[in-house]
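*Asks:* One structure, pasted below without further comment.
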Amino acid sequence: MLLRLIPKDTHIPFMKMRNVAYAISLVMVVASVALFFMRGLNLGIDFVGGSTIEIQTPEAADVGKIRTMLGELDLGDVSVQEFGADTEVLIRFEEQEGGEEAQKAAQIRVEQKLQADIPGVSIRSTSFIGPKVSSELARDGFLAVSLSVVAVLIYIWFRFEWQFGLGAVVALVHDVFLTVGFFSITQLDFNLSIIAAILTIVGYSLNDTVVVYDRVRENMRKFRKMPLPELIDQSVNDTLSRTIMTSLTTLLALAALFFFGGTVIRGFTAAMIWGIVVGTYSSIFIASPVLLLLNLRSTTFDETDGDNPNVESTSLS
Amino acid sequence: MLDFPPWKIAVVLLLSFVGLVAAVPNFLSDDQIESLPGFLPDNRITLGLDLQGGAHMLLEVDADAIVSERLANLEAEIREALRDKRILGTIETRGDRVYVRVRDESQRSAALEAVRDLATPVTDGVGLGGALSRNIEVASQGDGQIVVAMTEAAIRARISGAVDQSLEIVRRRIDEMGTREPTIQRQGADRILVQVPGLQDSQQLRSLLETTAKLTFHMVNAAADPNRPPPGFMALPSVDTGEMLVLERRARLTGENLVDASVGFDESSRPVVNFRFDSTGGRRFADITRENVNRRFAIVLDDEIISAPNIQEPILGGAGRIFGNFTMEGANNLAILLRAGALPAPLTIMEERTVGPDLGQDSIEAGEIAGILGLAAVVVFMLLVYGLFGAVANIALLVNIGLLMGALSVLGATLTLPGIAGIVLTVGMAVDANVLVFERIKEEVADGRGPLRAIEAGYQQALSTILDANITTFIAAFLLFQFGSGPVRGFAVTLGIGILTSMFTALMLTRLILVLWLRRRRPQRLPI
């Protein structure tokens with residue numbers, strides 16, 4: 001083979017590292033939660049309402065000047081930032097008092113001001129989200145993420161033992177928390193497409209976890225006497241090359257999107273890249289050792305001598 | 001697992017072929033599609049507004065306005081019914097109820113009956129033979145008051161009717177603008193979604209949709225004091241001057257009697273709006289102008305006076321003109337609004353997104369570059385790691401992308417920028433199933449199995465894992481579709497279809513290719 005990423009037969013003692021991994025994850029999760037409450041997310045207008053206007057100027061834009069210019073309009077907090085190139089500027093202002101009507105009036109004033117004061121400016125895109133729609137979008141987004149976690153828990157519970165379901169959800173919640181923490185620390189715009197990214201991360205992280213769990217289950221049948229830590233280690237090692245391969249191909253595709261896909265979806269791709277890295281880490285270092293914590297073998301395999309009907313029914317012909 | 005009878009081979013190849021043919025129109029120019037024979041598919045993937053540019057607006061029908069208008073009518077009906085029965089009393093509307101107090105207690109049951117007679121059945125509109133209920137509820141209170149309220153069903157039916165009517169009027173107005181292929185659809189109970197591709201300046205659309213365009217004609221009372229209009233009169237501002245005029249509350253004519261409106265020019269070539277009444281309206285207009293020569297007459301649009309000319313002479317032809325202080329665009333918009341008719345209630349813009357065509361084009365190009373580079377990287381990587389098997393997986397990957405595009409074309413799905421991201425992501429993840437199988441095959445080879453057994457076992461062992469892994473991702477995609485909106489939904493669609501097509505190509509197509517290769521070459525060792 002031209003390229004061998006992972007040595008042929010690995011015996012990495014992942015379980016020995018589990019306390020270190022727990023510590024790292026615990027610190028990261030606590031930090032994410034703390035960041036979320038203290039620093040918060042840079043919630044996009046999708047969720048808090050407001051307007052954004054993306055403009056292109058004929059020459060390099062003077063962000064400071066635009067900021068003062070729009071400050072005169074007395075719209076409260078107006079953010080003006082460069083967006084991708086120095087001739088592209090993203091302007092955002094918060095929801096105005098007085099509901100949809102006032103918000104729209106403010107947006108029209110900004111557009112007119114820009115067109116009057118910057119000759120040759122072109123408005124590339126505008127978005128206006130009223131308070132009613134933004135609160136609905138926030139509710140739906142939250143609902144979608146929570147429901148998907150629950151749905152997945154149910155699926156895994158149905159397909160595996162309950163410990164697997166719980167382990168997968170622990171890993172999943174871990175990934176979602178860290179992704180939220182990532183957005184808190186980077187202050188990237190947290191918008192509707194980030195919900196899509198988080199849901200994909202949920203799917204992906206699970207995908208990784210399920211592959212390892214499948215192998216754990218299989219090895220439990222194969223090596224009945226092997227101690228659980230050793231067995232989980234072996235399962236993780238068995239699937240390691242696949243885990244790394246798939247993460248790498250996905251990351252390759254995402255890297256192309258991140259660098260060449262344009263500014264509009266950069267936040268989305270950043271979230272995905274982070275999520276894939278975290279998801280891969282958690283399926284190895286969190287989802288698997290958690291099985292030990294949950295006493296996997298004692299409840300299912302030791303007590304039932306002989307074939308466990310539950311397991312048999314899920315093996316494929 | 002390796003049993004491939006000829007019919008199975010045919011099905012796999014046929015499915016791949018049909019899928020690929022369906023994707024072809026996306027790579028052809030308009031002319032080439034025109035010249036295709038009729039039996040070939042000619043659907044292309046529809047680009048979302050974020051890619052082709054355009055305006056997206058979510059409008060909400062003002063339900064409160066509809067209910068309060070209905071209540072006002074109800075009050076009038078009750079007043080009339082009691083008058084017919086010669087019952088005296090006070091009638092007033094407070095909140096969402098109408099209260100009737102009868103002066104002579106002995107007439108109370110007669111009043112109750114008269115009011116109850118006003119009730120008409122409404123169909124709930126939920127399913128066939130939806131429960132029939134009354135439109136109003138009448139109750140007699142202990143203190144002698146009669147309370148009349150609209151039922152839930154009546155309110156719902158009212159709002160639903162108003163939304164339908166608004167939908168129709170919005171459609172007419174947008175058609176009048178002459179834009180191409182607008183999408184206008186109802187969303188939920190009281191919302192309307194409008195998408196106009198290619199439209200960048202939403203200003204005109206906005207003003208067309210936000211104007212209720214209720215046109216009424218009133219006589220001006222020049223003698224009254226605008227600060228204290230006498231009963232039956234109202235004071236309204238004039239659009240141009242801001243001057244307050246006192247008008248009769250009762251409209252002499254309304255926009256419903258209009259049959260046509262168009263832009264014209266007056267003697268000093270300023271734009272005006274010409275209009276024509278239907279025959280009833282024309283007759284009434286002739287009567288009014290004949291009886292009121294030398295008095296002022298106000299044309300009111302949504303509670304603002306747009307023009308209040310002096311009647312110089314009777315106008316008999318049923319046609320008139322509005323001299324406002326119009327710009328060309330303003331006159332044109334008014335003409336459109338008058339032709340399309342008035343909305344039953346004001347519309348509020350809840351959400352608006354516009355994307356300029358340049359930005360859309362930039363996004364498409366960026367998406368294409370990212371897609372091609374991502375694909376190339378994955379293809380090279382697979383070749384390096386799995387050699388011949390990697391090449392087989394790459395064939396499956398390319399077919400997969402073709403199938404995905406074909407499916408999107410046939411289903412008429414909309415491709416958005418996040419949708420492109422979904423495709424690129426699918427490229428990365430689609431190889432996963434093959435990676436799982438190949439890794440298994442490697443293990444089986446390491447365990448000393450021969451080529452045939454190794455491949456067979458590889459597929460067999462990996463299958464349940466592949467199913468579990470893909471079903472979980474599919475659940476996420478499904479929920480995203482359910483709860484997502486707009487572009488995000490587009491992402492869910494490509495991700496979901498991508499999972500299905502990649503399962504097909506990874507499990508069927510690569511297996512078929514490997515089996516055919518095994519049959520031909522009968523290798524002693526697997527190059528993996």
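We name chains A, B, ... following the order of the structure tokens; residues begin at 1 in each chain, and ligands are numbered from 1 as shown.
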With only C-alpha atoms as the counted atoms, please give the residues lying no more than 10 Å from Leu205 (chain B), apart from itself and same-chain residues fewer than 3 positions off, as a PyMOL selection string.
*Replies:* chain B and resi 55+57+173-174+177+194+196+199-202+208-210+333
*Asks:* For the interface of chain A with chain B (cut-off 7 Å, counting only C-alpha atoms), please tabulate each contacting residue of chain A alongside its nearest pair of atoms and their separation in Å to one decimal, rows sorted by chain and increasing number, as JSON lines.
*Replies:*
{"residue": "A:Met1", "atom": "CA", "partner": "B:Val385", "partner_atom": "CA", "distance": 6.3}
{"residue": "A:Leu2", "atom": "CA", "partner": "B:Leu384", "partner_atom": "CA", "distance": 5.3}
{"residue": "A:Leu3", "atom": "CA", "partner": "B:Val385", "partner_atom": "CA", "distance": 5.0}
{"residue": "A:Arg4", "atom": "CA", "partner": "B:Val385", "partner_atom": "CA", "distance": 6.4}
{"residue": "A:Glu100", "atom": "CA", "partner": "B:Met350", "partner_atom": "CA", "distance": 6.5}
{"residue": "A:Arg124", "atom": "CA", "partner": "B:Gly356", "partner_atom": "CA", "distance": 4.8}
{"residue": "A:Ser125", "atom": "CA", "partner": "B:Val355", "partner_atom": "CA", "distance": 4.2}
{"residue": "A:Thr126", "atom": "CA", "partner": "B:Thr354", "partner_atom": "CA", "distance": 5.1}
{"residue": "A:Ser127", "atom": "CA", "partner": "B:Arg353", "partner_atom": "CA", "distance": 4.1}
{"residue": "A:Phe128", "atom": "CA", "partner": "B:Glu352", "partner_atom": "CA", "distance": 4.9}
{"residue": "A:Ile129", "atom": "CA", "partner": "B:Glu351", "partner_atom": "CA", "distance": 4.5}
{"residue": "A:Gly130", "atom": "CA", "partner": "B:Met350", "partner_atom": "CA", "distance": 5.0}
{"residue": "A:Val133", "atom": "CA", "partner": "B:Met350", "partner_atom": "CA", "distance": 6.4}
{"residue": "A:Asp140", "atom": "CA", "partner": "B:Phe483", "partner_atom": "CA", "distance": 5.7}
{"residue": "A:Gly141", "atom": "CA", "partner": "B:Phe483", "partner_atom": "CA", "distance": 6.9}
{"residue": "A:Ala144", "atom": "CA", "partner": "B:Leu479", "partner_atom": "CA", "distance": 5.9}
{"residue": "A:Ser148", "atom": "CA", "partner": "B:Ala476", "partner_atom": "CA", "distance": 5.7}
{"residue": "A:Val152", "atom": "CA", "partner": "B:Thr472", "partner_atom": "CA", "distance": 6.3}
{"residue": "A:Ser193", "atom": "CA", "partner": "B:Val488", "partner_atom": "CA", "distance": 5.9}
{"residue": "A:Ala196", "atom": "CA", "partner": "B:Val488", "partner_atom": "CA", "distance": 6.4}
{"residue": "A:Leu199", "atom": "CA", "partner": "B:Ala476", "partner_atom": "CA", "distance": 5.8}
{"residue": "A:Thr200", "atom": "CA", "partner": "B:Ala476", "partner_atom": "CA", "distance": 6.6}
{"residue": "A:Gly203", "atom": "CA", "partner": "B:Thr473", "partner_atom": "CA", "distance": 4.1}
{"residue": "A:Tyr204", "atom": "CA", "partner": "B:Thr473", "partner_atom": "CA", "distance": 6.4}
{"residue": "A:Leu206", "atom": "CA", "partner": "B:Thr472", "partner_atom": "CA", "distance": 6.8}
{"residue": "A:Asn207", "atom": "CA", "partner": "B:Ala469", "partner_atom": "CA", "distance": 4.3}
{"residue": "A:Val210", "atom": "CA", "partner": "B:Ala469", "partner_atom": "CA", "distance": 6.0}
{"residue": "A:Val211", "atom": "CA", "partner": "B:Thr465", "partner_atom": "CA", "distance": 5.7}
{"residue": "A:Asp214", "atom": "CA", "partner": "B:Thr465", "partner_atom": "CA", "distance": 6.2}
{"residue": "A:Arg242", "atom": "CA", "partner": "B:Leu436", "partner_atom": "CA", "distance": 6.1}
{"residue": "A:Thr246", "atom": "CA", "partner": "B:Asp432", "partner_atom": "CA", "distance": 5.4}
{"residue": "A:Thr249", "atom": "CA", "partner": "B:Gly428", "partner_atom": "CA", "distance": 5.0}
{"residue": "A:Thr250", "atom": "CA", "partner": "B:Gly428", "partner_atom": "CA", "distance": 3.9}
{"residue": "A:Leu252", "atom": "CA", "partner": "B:Gly374", "partner_atom": "CA", "distance": 6.1}
{"residue": "A:Ala253", "atom": "CA", "partner": "B:Gly374", "partner_atom": "CA", "distance": 4.1}
{"residue": "A:Leu254", "atom": "CA", "partner": "B:Leu425", "partner_atom": "CA", "distance": 6.6}
{"residue": "A:Ala256", "atom": "CA", "partner": "B:Ala370", "partner_atom": "CA", "distance": 4.9}
{"residue": "A:Leu257", "atom": "CA", "partner": "B:Ala370", "partner_atom": "CA", "distance": 4.9}
{"residue": "A:Phe260", "atom": "CA", "partner": "B:Ala370", "partner_atom": "CA", "distance": 5.1}
{"residue": "A:Gly261", "atom": "CA", "partner": "B:Ala366", "partner_atom": "CA", "distance": 4.6}
{"residue": "A:Gly262", "atom": "CA", "partner": "B:Ala366", "partner_atom": "CA", "distance": 5.6}
{"residue": "A:Leu316", "atom": "CA", "partner": "B:Ser464", "partner_atom": "CA", "distance": 6.7}
*Asks:* Give me, as a ChimeraX atom specification, all polymer residues having an atom no more than 12 Å from Trp157 (chain A), counting only C-alpha atoms and skipping those fewer than 5 positions away in the same chain.
*Replies:* /A:150-152,162-169,210,213,310 /B:468
*Asks:* What does the structure give for the distance between CA of Ser207 (chain B) and CA of Glu176 (chain B), in Å to one decimal?
*Replies:*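 It comes out at 13.6 Å.
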*Asks:* Which residues, written as a PyMOL selection string, have at least one atom at most 10 Å from Ile146 (chain B), with only C-alpha atoms counted and residues fewer than 6 positions away on the same chain left out?
*Replies:* chain B and resi 91+98-102+108-109+111-112+115+138-140
*Asks:* Would you save the residues from that selection as a compact mmCIF listing (two decimals), in the first residue's frame, using all heavy atoms?
*Replies:*
# COMPACT_ATOMS: atom_id res chain seq x y z
N ILE B 91 -75.97 49.14 22.52
CA ILE B 91 -75.14 48.07 21.98
C ILE B 91 -73.72 48.59 21.94
O ILE B 91 -73.47 49.70 21.45
CB ILE B 91 -75.57 47.72 20.54
CG1 ILE B 91 -77.04 47.28 20.54
CG2 ILE B 91 -74.70 46.63 19.96
CD1 ILE B 91 -77.64 47.30 19.16
N VAL B 98 -69.60 41.59 21.91
CA VAL B 98 -70.58 42.66 21.75
C VAL B 98 -71.60 42.53 22.88
O VAL B 98 -72.10 41.44 23.15
CB VAL B 98 -71.30 42.56 20.39
CG1 VAL B 98 -72.28 43.72 20.23
CG2 VAL B 98 -70.30 42.55 19.24
N TYR B 99 -71.84 43.65 23.58
CA TYR B 99 -72.77 43.63 24.73
C TYR B 99 -74.04 44.38 24.36
O TYR B 99 -73.98 45.48 23.82
CB TYR B 99 -72.13 44.30 25.94
CG TYR B 99 -70.91 43.55 26.44
CD1 TYR B 99 -69.66 43.80 25.91
CD2 TYR B 99 -71.04 42.59 27.44
CE1 TYR B 99 -68.55 43.12 26.36
CE2 TYR B 99 -69.94 41.89 27.89
CZ TYR B 99 -68.69 42.16 27.34
OH TYR B 99 -67.60 41.47 27.79
N VAL B 100 -75.19 43.77 24.65
CA VAL B 100 -76.47 44.40 24.35
C VAL B 100 -77.23 44.56 25.67
O VAL B 100 -77.33 43.61 26.45
CB VAL B 100 -77.30 43.51 23.39
CG1 VAL B 100 -78.63 44.19 23.08
CG2 VAL B 100 -76.52 43.22 22.12
N ARG B 101 -77.69 45.78 25.94
CA ARG B 101 -78.52 45.99 27.13
C ARG B 101 -79.86 46.52 26.64
O ARG B 101 -79.93 47.56 25.97
CB ARG B 101 -77.85 46.98 28.06
CG ARG B 101 -78.53 47.06 29.43
CD ARG B 101 -77.83 48.09 30.28
NE ARG B 101 -76.54 47.61 30.78
CZ ARG B 101 -76.42 46.81 31.84
NH1 ARG B 101 -77.48 46.42 32.50
NH2 ARG B 101 -75.25 46.43 32.25
N VAL B 102 -80.91 45.77 26.94
CA VAL B 102 -82.25 46.14 26.47
C VAL B 102 -82.89 47.09 27.47
O VAL B 102 -82.76 46.90 28.68
CB VAL B 102 -83.11 44.87 26.30
CG1 VAL B 102 -84.49 45.24 25.77
CG2 VAL B 102 -82.42 43.90 25.36
N ARG B 108 -86.59 41.44 26.59
CA ARG B 108 -85.29 40.79 26.59
C ARG B 108 -85.28 39.45 25.84
O ARG B 108 -84.38 39.15 25.06
CB ARG B 108 -84.85 40.55 28.02
CG ARG B 108 -83.45 40.08 28.09
CD ARG B 108 -82.86 40.37 29.42
NE ARG B 108 -81.92 39.30 29.67
CZ ARG B 108 -81.60 38.90 30.87
NH1 ARG B 108 -82.15 39.45 31.91
NH2 ARG B 108 -80.73 37.94 31.00
N SER B 109 -86.33 38.65 26.06
CA SER B 109 -86.31 37.35 25.37
C SER B 109 -86.49 37.53 23.87
O SER B 109 -85.89 36.80 23.08
CB SER B 109 -87.38 36.42 25.95
OG SER B 109 -88.65 37.02 25.77
N ALA B 111 -85.30 40.06 22.22
CA ALA B 111 -83.99 40.51 21.76
C ALA B 111 -83.04 39.33 21.61
O ALA B 111 -82.33 39.18 20.62
CB ALA B 111 -83.41 41.53 22.73
N LEU B 112 -83.09 38.47 22.65
CA LEU B 112 -82.23 37.29 22.64
C LEU B 112 -82.50 36.46 21.38
O LEU B 112 -81.58 36.00 20.69
CB LEU B 112 -82.54 36.47 23.90
CG LEU B 112 -81.45 35.56 24.43
CD1 LEU B 112 -80.16 36.31 24.66
CD2 LEU B 112 -81.93 34.91 25.72
N VAL B 115 -81.20 38.13 18.22
CA VAL B 115 -79.74 38.00 18.07
C VAL B 115 -79.37 36.57 17.69
O VAL B 115 -78.52 36.33 16.83
CB VAL B 115 -79.02 38.45 19.36
CG1 VAL B 115 -77.51 38.22 19.23
CG2 VAL B 115 -79.30 39.91 19.65
N VAL B 138 -74.37 33.22 21.82
CA VAL B 138 -75.16 34.26 22.47
C VAL B 138 -75.48 33.79 23.88
O VAL B 138 -75.97 32.69 24.06
CB VAL B 138 -76.46 34.51 21.69
CG1 VAL B 138 -77.23 35.67 22.31
CG2 VAL B 138 -76.16 34.78 20.22
N ALA B 139 -75.16 34.61 24.87
CA ALA B 139 -75.45 34.24 26.25
C ALA B 139 -76.17 35.39 26.94
O ALA B 139 -75.94 36.55 26.63
CB ALA B 139 -74.17 33.91 26.99
N SER B 140 -77.05 35.01 27.86
CA SER B 140 -77.77 36.02 28.59
C SER B 140 -77.21 36.07 30.00
O SER B 140 -77.16 35.07 30.69
CB SER B 140 -79.25 35.64 28.60
OG SER B 140 -79.95 36.51 29.43
*Asks:* Which of region 84-176 of chain A counts as strand (DSSP E or B) under DSSP, as a PyMOL selection string please?
*Replies:* chain A and resi 85-93+122-129
